[in-house]
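Engineer: So here's upload.cif, just mmCIF, C-alpha atoms and all ligand atoms:
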```cif
data_entry
#
loop_
_atom_site.label_atom_id
_atom_site.label_comp_id
_atom_site.auth_asym_id
_atom_site.auth_seq_id
_atom_site.Cartn_x
_atom_site.Cartn_y
_atom_site.Cartn_z
CA MET A 11 -21.23 16.61 43.87
CA ASN A 12 -23.00 13.30 43.93
CA ILE A 13 -22.80 11.90 40.42
CA LYS A 14 -25.08 8.99 39.66
CA HIS A 15 -25.13 8.82 35.89
CA HIS A 16 -21.82 8.04 34.18
CA LEU A 17 -20.33 7.57 30.74
CA ASP A 18 -20.98 4.41 28.77
CA GLU A 19 -17.87 2.23 28.46
CA ALA A 20 -18.08 2.47 24.66
CA THR A 21 -18.09 6.26 24.90
CA LEU A 22 -15.01 6.24 27.11
CA VAL A 23 -13.16 4.03 24.64
CA SER A 24 -14.07 6.28 21.75
CA TYR A 25 -12.91 9.38 23.64
CA THR A 26 -9.65 7.71 24.60
CA ALA A 27 -9.04 6.50 21.08
CA GLY A 28 -9.52 10.07 19.84
CA SER A 29 -12.22 8.78 17.55
CA MET A 30 -15.20 10.92 18.47
CA SER A 31 -16.25 14.32 17.18
CA GLN A 32 -14.81 17.42 18.81
CA ALA A 33 -18.30 18.27 20.07
CA MET A 34 -18.78 14.93 21.79
CA ALA A 35 -15.21 14.85 23.11
CA LEU A 36 -15.80 18.21 24.78
CA VAL A 37 -18.79 16.89 26.72
CA VAL A 38 -16.89 13.74 27.69
CA ALA A 39 -13.87 15.74 28.88
CA CYS A 40 -16.17 17.96 30.93
CA HIS A 41 -17.80 15.02 32.68
CA ILE A 42 -14.43 13.37 33.35
CA SER A 43 -13.10 16.56 34.86
CA MET A 44 -16.05 16.53 37.29
CA CYS A 45 -16.17 12.79 37.98
CA PRO A 46 -13.44 10.85 39.85
CA VAL A 47 -15.05 7.54 38.95
CA CYS A 48 -14.84 8.13 35.20
CA ARG A 49 -11.37 9.62 35.60
CA ASP A 50 -10.16 6.26 36.87
CA ARG A 51 -11.98 4.45 34.11
CA VAL A 52 -10.44 6.66 31.43
CA HIS A 53 -6.95 5.88 32.72
CA ASP A 54 -7.71 2.22 32.13
CA SER A 55 -8.89 2.93 28.61
CA GLU A 56 -5.77 4.94 27.93
CA ALA A 57 -3.80 1.88 28.94
CA ILE A 58 -5.47 0.06 26.04
CA GLY A 59 -4.12 2.80 23.77
CA GLY A 60 -0.66 2.34 25.27
CA MET A 61 -0.89 -1.38 24.76
CA LEU A 62 -1.88 -0.95 21.13
CA LEU A 63 0.90 1.58 20.54
CA GLU A 64 3.41 -0.81 22.07
CA SER A 65 2.22 -3.67 19.88
CA LEU A 66 2.52 -1.77 16.58
CA ASN A 67 5.07 -2.83 14.04
CA PRO A 68 7.59 0.07 13.93
CA ALA A 69 7.55 2.36 10.89
CA PRO A 70 10.91 3.45 9.47
CA VAL A 71 11.89 6.83 10.84
CA SER A 72 13.96 9.26 8.80
CA ASP A 73 17.66 9.23 9.69
CA ASP A 74 17.62 12.97 10.20
CA SER A 75 14.77 13.05 12.65
CA LEU A 76 16.71 12.17 15.77
CA ALA A 77 19.60 14.43 14.81
CA GLN A 78 17.21 17.32 14.18
CA ILE A 79 15.51 16.86 17.51
CA LEU A 80 18.79 16.60 19.39
CA ALA A 81 19.99 19.78 17.70
CA CYS A 82 16.74 21.39 18.73
CA LEU A 83 17.29 20.36 22.34
CA ASP A 84 20.84 21.74 22.19
CA GLU A 85 19.84 25.08 20.77
CA GLU A 86 17.35 25.96 23.42
CA PRO A 87 18.29 23.60 26.16
CA ASP A 88 15.86 24.66 28.83
CA LEU A 89 13.74 27.36 27.35
CA ASN A 90 10.89 25.23 26.10
CA THR A 91 11.01 22.97 29.09
CA GLN A 92 10.75 26.01 31.29
CA LEU A 93 7.90 27.41 29.25
CA GLU A 94 6.13 24.09 29.45
CA ALA A 95 6.74 23.87 33.20
CA LYS A 96 5.40 27.38 33.55
CA ARG A 97 2.34 26.51 31.54
CA VAL A 98 1.66 23.48 33.69
CA GLU A 99 2.21 25.47 36.87
CA THR A 100 -0.27 28.05 35.68
CA SER A 101 -2.64 25.30 34.76
CA ILE A 102 -2.34 23.65 38.16
CA ALA A 103 -2.75 26.98 39.93
CA LYS A 104 -5.79 27.67 37.79
CA ASN A 105 -7.15 24.27 38.63
CA LYS A 106 -6.72 24.89 42.35
CA GLN A 107 -8.29 28.28 42.01
CA TRP A 108 -11.08 26.73 40.04
CA LEU A 109 -11.69 24.20 42.78
CA ALA A 110 -11.48 26.90 45.46
CA THR A 111 -13.95 29.21 43.78
CA HIS A 112 -16.40 26.41 43.05
CA SER A 113 -16.66 27.62 39.50
CA ASP A 114 -19.92 26.70 37.88
CA ILE A 115 -18.34 25.23 34.75
CA PRO A 116 -16.02 22.29 34.13
CA ARG A 117 -12.48 23.22 33.14
CA PRO A 118 -12.47 21.99 29.52
CA LEU A 119 -15.39 24.31 28.81
CA ASP A 120 -13.56 27.50 29.75
CA ASP A 121 -11.68 27.38 26.43
CA TYR A 122 -15.08 27.84 24.82
CA ILE A 123 -17.18 30.14 26.97
CA GLY A 124 -14.85 31.78 29.49
CA ASP A 125 -14.98 31.06 33.16
CA SER A 126 -18.62 31.35 34.13
CA LEU A 127 -22.09 30.49 32.97
CA GLU A 128 -23.09 34.00 33.98
CA ASN A 129 -21.29 35.49 30.99
CA VAL A 130 -22.86 33.31 28.32
CA GLU A 131 -24.80 35.12 25.63
CA TRP A 132 -28.06 33.25 25.21
CA LYS A 133 -30.31 33.15 22.20
CA ARG A 134 -33.98 32.52 22.70
CA ILE A 135 -35.80 29.66 20.98
CA VAL A 136 -39.14 30.08 22.75
CA PRO A 137 -39.84 31.80 26.04
CA GLY A 138 -37.99 29.99 28.80
CA VAL A 139 -35.69 28.17 26.42
CA TYR A 140 -32.30 29.48 25.35
CA TYR A 141 -29.26 28.11 23.61
CA HIS A 142 -25.66 29.03 22.96
CA ASP A 143 -23.68 27.35 20.20
CA LEU A 144 -20.13 26.26 20.92
CA PRO A 145 -17.47 26.80 18.27
CA CYS A 146 -16.61 23.16 17.71
CA LYS A 147 -15.21 22.54 14.28
CA THR A 148 -17.19 19.96 12.47
CA GLU A 149 -14.79 18.20 10.17
CA ARG A 150 -16.50 15.18 11.55
CA ARG A 151 -20.22 15.43 11.94
CA GLY A 152 -21.62 16.69 15.16
CA ALA A 153 -22.57 19.79 17.05
CA SER A 154 -22.59 20.97 20.61
CA ARG A 155 -24.44 23.68 22.41
CA LEU A 156 -25.52 24.87 25.79
CA LEU A 157 -29.21 24.76 26.56
CA ARG A 158 -30.94 26.70 29.29
CA ILE A 159 -34.44 25.62 30.15
CA ALA A 160 -36.80 27.11 32.69
CA PRO A 161 -38.38 25.11 35.51
CA GLY A 162 -41.45 23.12 34.57
CA LYS A 163 -40.64 22.90 30.87
CA ALA A 164 -40.17 19.63 29.06
CA MET A 165 -38.59 18.61 25.80
CA LEU A 166 -40.78 16.76 23.37
CA PRO A 167 -40.24 13.03 23.40
CA HIS A 168 -37.44 12.37 20.95
CA SER A 169 -34.96 9.81 19.83
CA HIS A 170 -31.77 10.30 17.85
CA ASP A 171 -30.05 9.02 14.76
CA GLY A 172 -26.78 8.64 16.57
CA ASN A 173 -25.28 9.16 19.99
CA GLU A 174 -26.38 12.03 22.18
CA LEU A 175 -24.58 13.25 25.28
CA THR A 176 -26.17 15.59 27.81
CA LEU A 177 -24.18 16.88 30.77
CA ILE A 178 -26.08 18.73 33.48
CA LEU A 179 -24.23 21.84 34.66
CA ARG A 180 -26.92 23.41 36.80
CA GLY A 181 -30.43 22.53 37.93
CA SER A 182 -31.96 19.16 37.19
CA TYR A 183 -34.39 17.23 35.06
CA THR A 184 -36.18 13.94 35.19
CA ASP A 185 -36.96 11.59 32.34
CA GLU A 186 -37.77 7.92 31.77
CA ILE A 187 -34.25 6.97 32.83
CA GLY A 188 -34.10 8.84 36.10
CA ARG A 189 -33.24 12.14 37.70
CA PHE A 190 -30.24 14.08 36.44
CA THR A 191 -28.49 16.69 38.55
CA ALA A 192 -25.27 18.70 38.15
CA GLY A 193 -22.40 16.48 36.99
CA ASP A 194 -24.65 13.68 35.75
CA ILE A 195 -24.39 12.67 32.13
CA ALA A 196 -27.06 11.12 29.96
CA ASP A 197 -25.22 8.93 27.45
CA LEU A 198 -27.85 7.81 24.97
CA ASP A 199 -28.04 6.21 21.58
CA ASN A 200 -30.78 5.86 19.02
CA GLU A 201 -32.46 3.03 20.82
CA ILE A 202 -33.65 5.26 23.62
CA GLN A 203 -36.61 7.60 23.58
CA HIS A 204 -36.93 10.10 26.35
CA GLN A 205 -38.73 13.23 27.45
CA PRO A 206 -36.80 15.28 29.98
CA LEU A 207 -38.79 17.57 32.28
CA VAL A 208 -36.98 20.29 34.19
CA ASP A 209 -37.81 19.79 37.87
CA SER A 210 -35.42 22.18 39.60
CA SER A 211 -36.47 25.56 40.96
CA GLU A 212 -33.72 27.26 38.96
CA ASP A 213 -33.13 27.05 35.20
CA CYS A 214 -31.56 23.80 34.08
CA ILE A 215 -28.40 24.39 32.08
CA CYS A 216 -26.90 21.51 30.17
CA LEU A 217 -24.21 20.89 27.60
CA ILE A 218 -25.44 18.76 24.73
CA ALA A 219 -23.60 17.13 21.87
CA THR A 220 -24.71 14.79 19.19
CA ASP A 221 -23.03 13.11 16.27
CA ALA A 222 -26.06 13.48 14.03
CA PRO A 223 -26.36 17.20 13.32
CA LEU A 224 -29.41 17.22 11.08
CA LYS A 225 -31.69 15.56 13.52
CA PHE A 226 -30.21 17.76 16.21
CA SER A 227 -31.35 20.97 14.54
CA THR A 228 -34.78 19.51 13.87
CA LEU A 229 -34.87 18.58 17.49
CA LEU A 230 -33.94 22.08 18.59
CA GLY A 231 -36.69 23.60 16.48
CA LYS A 232 -39.34 21.77 18.46
CA ILE A 233 -37.36 21.03 21.51
CA VAL A 234 -39.49 22.40 24.28
CA GLN A 235 -43.16 22.65 24.90
CA PRO A 236 -44.39 24.57 27.90
CA MET A 237 -45.96 22.29 30.43
CA THR A 238 -47.68 25.26 31.95
CA GLY A 239 -48.90 27.62 29.25
CA PHE A 240 -47.48 30.97 28.26
CA MET B 12 -9.91 0.16 4.58
CA GLU B 13 -10.40 -3.55 4.31
CA ASN B 14 -11.09 -4.90 7.72
CA LYS B 15 -8.32 -7.32 8.40
CA PRO B 16 -9.08 -10.17 10.67
CA PRO B 17 -7.20 -9.78 13.94
CA GLY B 18 -4.93 -12.66 12.94
CA ASP B 19 -3.34 -10.50 10.25
CA ASP B 20 -2.61 -7.74 12.66
CA MET B 21 -1.08 -10.14 15.08
CA ASP B 22 1.60 -10.93 12.50
CA ASN B 23 2.67 -7.32 12.70
CA VAL B 24 2.95 -7.25 16.42
CA ALA B 25 6.47 -6.71 17.58
CA VAL B 26 6.75 -9.06 20.48
CA MET B 27 10.45 -9.76 20.64
CA GLN B 28 11.55 -6.18 20.88
CA GLN B 29 12.01 -5.78 24.57
CA PRO B 30 12.73 -8.78 26.71
CA GLU B 31 13.12 -6.47 29.70
CA GLY B 32 9.44 -5.55 29.70
CA PRO B 33 7.84 -2.15 29.66
CA GLN B 34 8.83 -1.26 33.23
CA VAL B 35 12.24 -0.40 31.83
CA TRP B 36 10.68 2.32 29.71
CA ASN B 37 8.66 3.61 32.61
CA SER B 38 11.67 4.13 34.82
CA MET B 39 13.71 5.47 31.91
CA LEU B 40 11.07 8.11 31.24
CA SER B 41 10.92 9.01 34.93
CA ASP B 42 14.70 9.31 35.02
CA LEU B 43 14.66 11.51 31.96
CA ALA B 44 12.59 14.09 33.81
CA GLU B 45 15.15 14.15 36.61
CA THR B 46 18.37 14.02 34.67
CA LYS B 47 17.58 15.44 31.22
CA ASP B 48 20.07 12.86 30.05
CA LYS B 49 20.22 12.85 26.23
CA ALA B 50 21.50 9.27 26.10
CA LEU B 51 18.31 8.15 27.84
CA TYR B 52 16.28 10.24 25.46
CA VAL B 53 17.94 8.59 22.48
CA LYS B 54 17.00 5.16 23.81
CA LEU B 55 13.41 6.20 24.33
CA PHE B 56 13.36 7.77 20.89
CA ARG B 57 14.66 4.63 19.19
CA HIS B 58 11.99 2.55 20.85
CA PHE B 59 8.97 4.82 20.66
CA ALA B 60 9.47 7.08 17.62
CA PRO B 61 8.90 4.29 15.06
CA LYS B 62 5.78 3.14 16.91
CA VAL B 63 4.44 6.67 17.19
CA LYS B 64 4.98 7.13 13.48
CA ALA B 65 3.29 3.83 12.70
CA TYR B 66 0.32 4.92 14.81
CA ILE B 67 0.02 8.26 13.02
CA ILE B 68 0.23 6.62 9.60
CA ARG B 69 -2.55 4.23 10.58
CA LEU B 70 -4.72 7.19 11.47
CA GLY B 71 -4.52 8.02 7.77
CA LEU B 72 -1.95 10.80 7.67
CA VAL B 73 0.63 10.91 4.90
CA GLU B 74 4.27 9.94 5.44
CA THR B 75 5.70 13.47 5.64
CA THR B 76 3.02 14.66 8.06
CA ALA B 77 3.47 11.51 10.11
CA GLU B 78 7.20 12.15 10.32
CA GLU B 79 6.59 15.73 11.38
CA LEU B 80 3.97 14.83 13.99
CA MET B 81 6.18 12.05 15.29
CA GLN B 82 8.93 14.65 15.78
CA GLU B 83 6.55 16.96 17.60
CA THR B 84 5.33 14.12 19.78
CA MET B 85 8.86 13.03 20.65
CA LEU B 86 9.84 16.63 21.38
CA SER B 87 6.96 16.90 23.78
CA VAL B 88 8.16 13.70 25.45
CA TRP B 89 11.32 15.66 26.30
CA ARG B 90 9.50 18.83 27.24
CA LYS B 91 6.75 17.24 29.29
CA ALA B 92 8.76 14.43 30.87
CA HIS B 93 8.38 16.08 34.28
CA LEU B 94 4.62 15.51 34.00
CA TYR B 95 5.00 11.78 33.64
CA ASN B 96 4.13 9.76 36.71
CA ALA B 97 5.20 6.11 36.56
CA SER B 98 2.80 5.16 39.33
CA LYS B 99 -0.12 6.29 37.18
CA ALA B 100 0.62 4.96 33.74
CA ALA B 101 3.02 3.02 31.57
CA ALA B 102 5.37 5.08 29.38
CA SER B 103 3.60 3.69 26.31
CA THR B 104 0.24 4.88 27.65
CA TRP B 105 1.51 8.37 28.31
CA ILE B 106 3.21 8.63 24.94
CA PHE B 107 0.08 7.31 23.26
CA THR B 108 -1.93 10.22 24.67
CA LEU B 109 0.69 12.71 23.47
CA ALA B 110 0.68 11.23 19.98
CA ARG B 111 -3.10 11.12 19.89
CA ASN B 112 -3.44 14.76 20.91
CA GLN B 113 -0.79 15.94 18.42
CA SER B 114 -2.50 14.08 15.59
CA ILE B 115 -6.00 15.23 16.41
CA ASP B 116 -4.98 18.84 16.95
CA ARG B 117 -3.41 18.77 13.50
CA MET B 118 -6.28 17.01 11.77
CA ARG B 119 -8.94 19.25 13.29
CA LYS B 120 -6.95 22.44 13.70
CA GLN B 121 -8.53 22.60 17.12
CA LYS B 122 -7.30 21.42 20.49
CA TYR B 123 -8.65 18.03 21.58
CA PRO B 124 -10.64 18.57 24.76
CA GLU B 125 -8.49 17.22 27.57
CA TYR B 126 -9.98 16.49 30.92
CA SER B 127 -6.87 17.62 32.76
CA LEU B 128 -3.27 17.51 31.69
CA GLU B 129 -1.93 17.95 35.17
CA ALA B 130 -3.89 14.97 36.44
CA TRP B 131 -0.91 13.04 35.17
CA GLN B 132 1.38 14.78 37.52
CA GLU B 133 -0.33 15.15 40.83
CA GLY B 134 -3.33 13.77 42.61
CA GLY B 135 -5.14 17.05 42.17
CA HIS B 136 -8.71 16.61 43.26
CA GLU B 137 -8.41 12.87 43.08
CA GLU B 138 -7.27 12.50 46.67
CA GLN B 139 -10.71 11.74 47.88
CA HIS B 140 -10.89 8.84 45.54
CA GLU B 141 -8.59 5.97 46.32
CA GLY B 142 -8.96 2.27 45.99
CA PRO B 143 -9.84 0.31 42.90
CA GLY B 144 -8.00 2.71 40.60
CA GLU B 145 -4.65 2.14 42.24
CA GLU B 146 -4.86 -1.55 41.88
CA GLN B 147 -5.76 -1.38 38.20
CA ASP B 148 -2.90 0.94 37.42
CA VAL B 149 -0.48 -1.56 38.86
CA CYS B 150 -2.03 -4.25 36.72
CA GLU B 151 -1.53 -2.21 33.64
CA GLN B 152 2.16 -1.77 34.25
CA ALA B 153 2.75 -5.42 34.83
CA VAL B 154 1.45 -6.17 31.39
CA THR B 155 4.26 -6.95 29.00
CA SER B 156 3.89 -6.50 25.30
CA ASP B 157 3.60 -10.20 24.50
CA ARG B 158 0.91 -10.52 27.11
CA MET B 159 -0.82 -7.54 25.54
CA ALA B 160 -0.71 -9.25 22.20
CA LYS B 161 -2.16 -12.35 23.81
CA VAL B 162 -4.99 -10.37 25.34
CA ILE B 163 -5.97 -8.93 21.98
CA SER B 164 -5.67 -12.29 20.27
CA GLN B 165 -8.09 -13.76 22.79
CA LEU B 166 -10.83 -11.33 21.87
CA PRO B 167 -13.50 -12.56 19.49
CA GLU B 168 -12.75 -11.26 16.01
CA ASP B 169 -15.68 -8.83 15.85
CA GLN B 170 -14.60 -7.27 19.15
CA ALA B 171 -10.92 -6.91 18.24
CA GLN B 172 -12.03 -5.31 14.97
CA VAL B 173 -13.98 -2.48 16.61
CA ILE B 174 -11.11 -1.80 19.01
CA TYR B 175 -8.68 -1.57 16.06
CA MET B 176 -11.05 0.64 14.11
CA SER B 177 -11.42 2.99 17.10
CA PHE B 178 -7.79 3.27 18.13
CA TYR B 179 -5.87 2.71 14.91
CA GLU B 180 -8.21 4.34 12.44
CA GLY B 181 -9.90 6.93 14.63
CA ARG B 182 -13.37 5.92 13.52
CA SER B 183 -16.44 7.04 15.46
CA HIS B 184 -19.19 4.64 16.50
CA SER B 185 -21.46 5.77 13.68
CA ASP B 186 -18.62 5.56 11.18
CA ILE B 187 -17.89 1.99 12.24
CA SER B 188 -21.58 1.21 12.14
CA GLU B 189 -21.82 2.43 8.53
CA ARG B 190 -18.66 0.65 7.41
CA LEU B 191 -19.55 -2.69 8.91
CA GLY B 192 -23.25 -2.40 8.14
CA VAL B 193 -24.00 -3.15 11.78
CA PRO B 194 -26.44 -1.20 13.96
CA LEU B 195 -24.95 1.49 16.18
CA GLY B 196 -26.10 -0.34 19.30
CA SER B 197 -24.20 -3.47 18.30
CA VAL B 198 -21.01 -1.50 17.62
CA LYS B 199 -21.24 -0.03 21.09
CA SER B 200 -21.90 -3.34 22.78
CA ARG B 201 -18.94 -4.92 20.97
CA ILE B 202 -16.66 -2.12 22.14
CA ARG B 203 -18.07 -2.36 25.65
CA LEU B 204 -17.50 -6.11 25.80
CA ALA B 205 -13.99 -5.86 24.35
CA SER B 206 -12.93 -3.16 26.76
CA GLU B 207 -14.33 -4.97 29.77
CA LYS B 208 -12.70 -8.21 28.68
CA ILE B 209 -9.30 -6.58 28.21
CA LYS B 210 -9.42 -5.00 31.64
CA MET B 211 -10.52 -8.28 33.20
CA MET B 212 -7.69 -10.19 31.56
CA TRP B 213 -5.18 -7.64 32.87
CA ARG B 214 -6.43 -8.15 36.37
CA ASP B 215 -6.40 -11.93 36.11
CA ASP B 216 -3.06 -12.06 34.41
CA VAL B 217 -0.91 -10.38 37.03
ZN ZN A 301 -18.67 9.55 35.73
#
```
Write the structure described by the file as structure tokens, please.
Structural biologist:
Amino acid sequence: MNIKHHLDEATLVSYTAGSMSQAMALVVACHISMCPVCRDRVHDSEAIGGMLLESLNPAPVSDDSLAQILACLDEEPDLNTQLEAKRVETSIAKNKQWLATHSDIPRPLDDYIGDSLENVEWKRIVPGVYYHDLPCKTERRGASRLLRIAPGKAMLPHSHDGNELTLILRGSYTDEIGRFTAGDIADLDNEIQHQPLVDSSEDCICLIATDAPLKFSTLLGKIVQPMTGF
Amino acid sequence: MENKPPGDDMDNVAVMQQPEGPQVWNSMLSDLAETKDKALYVKLFRHFAPKVKAYIIRLGLVETTAEELMQETMLSVWRKAHLYNASKAAASTWIFTLARNQSIDRMRKQKYPEYSLEAWQEGGHEEQHEGPGEEQDVCEQAVTSDRMAKVISQLPEDQAQVIYMSFYEGRSHSDISERLGVPLGSVKSRIRLASEKIKMMWRDDV
């Protein structure tokens, strides 16, 4: 995978700080899991979190807390550790398997849609354009969904109220910024207007999240116009 | 919240706590995984638990919840210690991510999307990518807490502010933009500049 379009530094910081919507964080986590470059960058951002944690003035901790935890460790000395180790082992094995099978979805997404794009239930917007909503809770604003767009179709030119993240999972598109293929992420804010045109021979499937839900649904309503009629 | 100038926050920074430097905590946490030594755990708890709790309170959770989440975080320090890799991150960095995930999972009742938990432990698919990352990780560990405080204090006020609002208050870009009455684009460029400056200072400072 040859990734050319990466996350904005401000987006990485927000993800690391835990300060972005669930929907946006999902897209970020997916890109990071596919992109060694951003994986290194996120480790650096996490170090900022560590630094800030270290520099906090300590809050008084209840006298019982430590005693309670120690009692907890005594009661089930190894059970939870073993369970945790088991969980991690499974996770690592799954990761290896995932790499070996060249799964078509990034790992963080399999909590949401299972292990393949083939099993996604699509809803049609207009011919050639389908979507699938992801169950991200929206205590904070924001929404995320998968979009599947047929070759030769383009979205209407649009801008956004807030941030918009688009991760390409399959196929490709081209817009004013460049060409986006699998693994690439378009990390845009409201200052950018673009009109993506699907230029792959297969359907382009992407994972999209925004932190401005209202505009997002408006956008979806008129999202794609056929370039070649139907 | 009222947006305190960074100077105010600097008064709260605990600089004198650990003359030994953070490397001590890194090796202590590594040893804990090996030995499961409760005495080591108690030391780590005394140092980190109050900071973890302070962090959770700053995120806006009430005292009792903060205490509870701190306990869960510190329990997972014990349970997940074998995942910690001192060559990848400082103990404080690793514990920060645990505390962050615990807090978010609780606030949202949904698991925070993690890119890969086990990336902490082994190279995984990162083998093919070596080089600049290594070097930066070393930098990070050489940073002592008073140096960290210095780094933050050297940021322009408007940049330190957006970093605090992101990490300590969990505010999104658009939330910060609304609160400060500053366009989204400016919030992002402040964060970008701050982050790049911090990383640059780490590199220069070692
Ligand atoms: Zn990347």
Engineer: Kindly indicate which residue among B:Pro167, B:Gly71, B:Pro194, B:Pro61 lies nearest to chain A, using all atoms listed in the file for the distances.
Structural biologist: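 Comparing B:Pro167, B:Gly71, B:Pro194, B:Pro61 against chain A, the winner is B:Pro61.
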Engineer: Ligand ZN 301 (chain A): which residues are within 7 Å, counting all atoms listed in the file, as a VMD selection string?
Structural biologist: chain A and resid 13 15 to 17 41 to 42 45 to 48
Engineer: For a quick test of understanding: name the residues of chain A lying within 7 Å of chain B when counting only C-alpha atoms, and present them as a count of residues only.
Structural biologist: 40
Engineer: Between A:Cys214, A:Ile195, A:Ile123, A:Leu80, which has the minimum distance to Leu51 in chain B (counting all atoms listed in the file)?
Structural biologist: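 Comparing A:Cys214, A:Ile195, A:Ile123, A:Leu80 against Leu51 in chain B, the winner is A:Leu80.
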Engineer: Residues proximal to (-35.6, 24.6, 34.6) were defined as those with any atom within 7 Å of that point in the file's coordinates, counting only C-alpha atoms. Which are they, as an mmCIF file with C-alpha atoms, in the coordinates of the input?
Structural biologist:
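As a result, result-v7.cif now contains:
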```cif
data_model
loop_
_atom_site.group_PDB
_atom_site.id
_atom_site.type_symbol
_atom_site.label_atom_id
_atom_site.label_comp_id
_atom_site.auth_asym_id
_atom_site.auth_seq_id
_atom_site.Cartn_x
_atom_site.Cartn_y
_atom_site.Cartn_z
ATOM 1 C CA ILE A 159 -34.440 25.620 30.150
ATOM 2 C CA ALA A 160 -36.800 27.110 32.690
ATOM 3 C CA PRO A 161 -38.380 25.110 35.510
ATOM 4 C CA GLY A 162 -41.450 23.120 34.570
ATOM 5 C CA LYS A 163 -40.640 22.900 30.870
ATOM 6 C CA GLY A 181 -30.430 22.530 37.930
ATOM 7 C CA VAL A 208 -36.980 20.290 34.190
ATOM 8 C CA ASP A 209 -37.810 19.790 37.870
ATOM 9 C CA SER A 210 -35.420 22.180 39.600
ATOM 10 C CA SER A 211 -36.470 25.560 40.960
ATOM 11 C CA GLU A 212 -33.720 27.260 38.960
ATOM 12 C CA ASP A 213 -33.130 27.050 35.200
ATOM 13 C CA CYS A 214 -31.560 23.800 34.080
#
```
Engineer: Just checking: using only C-alpha atoms, which residue out of A:Glu128, A:Ile58, A:Arg97, A:Leu175 ends up closest to Thr21 in chain A?
Structural biologist: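 Closest to Thr21 in chain A of all the choices is A:Leu175.
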Engineer: I'd like the interatomic distance between CA of Pro206 in chain A and CA of Arg158 in chain A, to a tenth of an Å.
Structural biologist: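 It comes out at 12.9 Å.
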Engineer: With all atoms listed in the file as the atoms that count, which of A:Leu62, A:Met34, A:Val52, A:Val130 lies nearest to Leu177 in chain A?
Structural biologist: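 Among A:Leu62, A:Met34, A:Val52, A:Val130, it is A:Met34 that comes nearest to Leu177 in chain A.
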Engineer: Excluding same-chain residues fewer than 4 positions from Ala33 in chain A, what lies within 7 Å of it counting all atoms listed in the file, as a PyMOL selection string?
Structural biologist: chain A and resi 37+146+152-154+219
Engineer: May I have the selected residues written with C-alpha atoms, as a PDB file, in the coordinates of the input?
Structural biologist:
```pdb
ATOM      1  CA  VAL A  37     -18.790  16.890  26.720  1.00  0.00           C
ATOM      2  CA  CYS A 146     -16.610  23.160  17.710  1.00  0.00           C
ATOM      3  CA  GLY A 152     -21.620  16.690  15.160  1.00  0.00           C
ATOM      4  CA  ALA A 153     -22.570  19.790  17.050  1.00  0.00           C
ATOM      5  CA  SER A 154     -22.590  20.970  20.610  1.00  0.00           C
ATOM      6  CA  ALA A 219     -23.600  17.130  21.870  1.00  0.00           C
TER       7      ALA A 219
END
```
Engineer: Out of A:Met44, A:Ala164, A:Ile115, A:Arg49, which residue has the shortest atom-to-atom distance to Leu22 in chain A when counting all atoms listed in the file?
Structural biologist: A:Arg49
Engineer: So the first atom is CA of Asn96 in chain B and the second is CA of Asp54 in chain A; what is the distance between them in Å, to one decimal place?
Structural biologist: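 Taking CA of Asn96 in chain B as the start and CA of Asp54 in chain A as the end point, the length is 14.8 Å.
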Engineer: Could you tell me how far CA of Asn37 in chain B lies from CA of Leu109 in chain B, in Å and to one decimal?
Structural biologist: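 These two atoms are separated by 15.2 Å.
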